[in-house]
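Read through the structure below, which is laid out as structure tokens, and then see the notes.
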Amino acid sequence: MDPYKLGELKNKSLWRERPSNTWSFYCPLCKSPRKIPYQPKPGGLRQVSQVLLTTAFLTLLAWPWLTWKGVVIGLPLWIGFEAFYRTRVRASVSCPYCGFDPFLYMVDVKRARTEVETHWRKIFTEKGIPYPEKHPVAGSKAESETGGESPSGVSADAKISDETGVVP
Ligand SMILES: [Zn+2]
């Protein structure tokens, strides 16, 4: 008997994360579909209620000394939570396939480009393939006409900073 025909059971698991908790997007560089279990910004009902509950609990705990003024603990609590949350989003949003980091790109394009190159260099070294020294994606053709024989990270980094005159 085929279990998948019993009552037309779905082939896929019904256990999924709630859609409101995941953030789906495509990597801007390599177009891979990405899905991370965080929203870009905190502030969902669940998070707010968690912080409120913790605040209430701590307020009650400190009631003998602070009475109702203990609720101010909620402010640093939220700040701490938000910092923690943003750090986790920041860490998980970076693409595992191509090494592209959107947050870093917003801050420093050159460094984001170097990060991607470092990522690919690592993969090429792991596979034992010499890294091609031309940069068709980065678009720095003019500086890298050296023949592609020296896969050295230092020289490529120097090239990138020379190209723009800005050293990160
Ligand atoms: Zn990517």
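Labels for the structure tokens follow display order: chains A, B, ..., residues from 1 in each chain, ligands from 1.
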- prompt: Would you name the residues within 8 Å of ligand 1, counting only C-alpha atoms and all ligand atoms, and put them as a PyMOL selection string?
  reply: chain A and resi 26-32+94-100
Output of the above residues as an mmCIF file, in the first residue's frame, restricted to C-alpha atoms:
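Dumped everything to out05.cif:
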```
data_model
loop_
_atom_site.group_PDB
_atom_site.id
_atom_site.type_symbol
_atom_site.label_atom_id
_atom_site.label_comp_id
_atom_site.auth_asym_id
_atom_site.auth_seq_id
_atom_site.Cartn_x
_atom_site.Cartn_y
_atom_site.Cartn_z
ATOM 1 C CA TYR A 26 17.667 36.345 -3.542
ATOM 2 C CA CYS A 27 21.345 36.970 -3.163
ATOM 3 C CA PRO A 28 21.989 40.174 -5.133
ATOM 4 C CA LEU A 29 25.286 38.835 -6.447
ATOM 5 C CA CYS A 30 24.808 35.143 -7.296
ATOM 6 C CA LYS A 31 20.961 35.074 -7.408
ATOM 7 C CA SER A 32 20.750 32.099 -5.049
ATOM 8 C CA SER A 94 25.860 36.939 4.367
ATOM 9 C CA CYS A 95 25.683 34.553 1.389
ATOM 10 C CA PRO A 96 27.270 31.130 1.976
ATOM 11 C CA TYR A 97 27.494 30.454 -1.771
ATOM 12 C CA CYS A 98 29.362 33.504 -3.016
ATOM 13 C CA GLY A 99 30.490 35.263 0.160
ATOM 14 C CA PHE A 100 28.519 38.438 -0.532
#
```
task: Write out as a ChimeraX atom specification the residues lying within 10 Å of region 78-93 of chain A, counting only C-alpha atoms and excluding same-chain residues fewer than 2 positions away.
output: /A:23,25,27,34-43,47-48,50-52,55,73-76,95-96,100-104
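Rounded to one decimal, CA of Leu60 (chain A) and CA of Val72 (chain A) lie 12.2 Å from each other.
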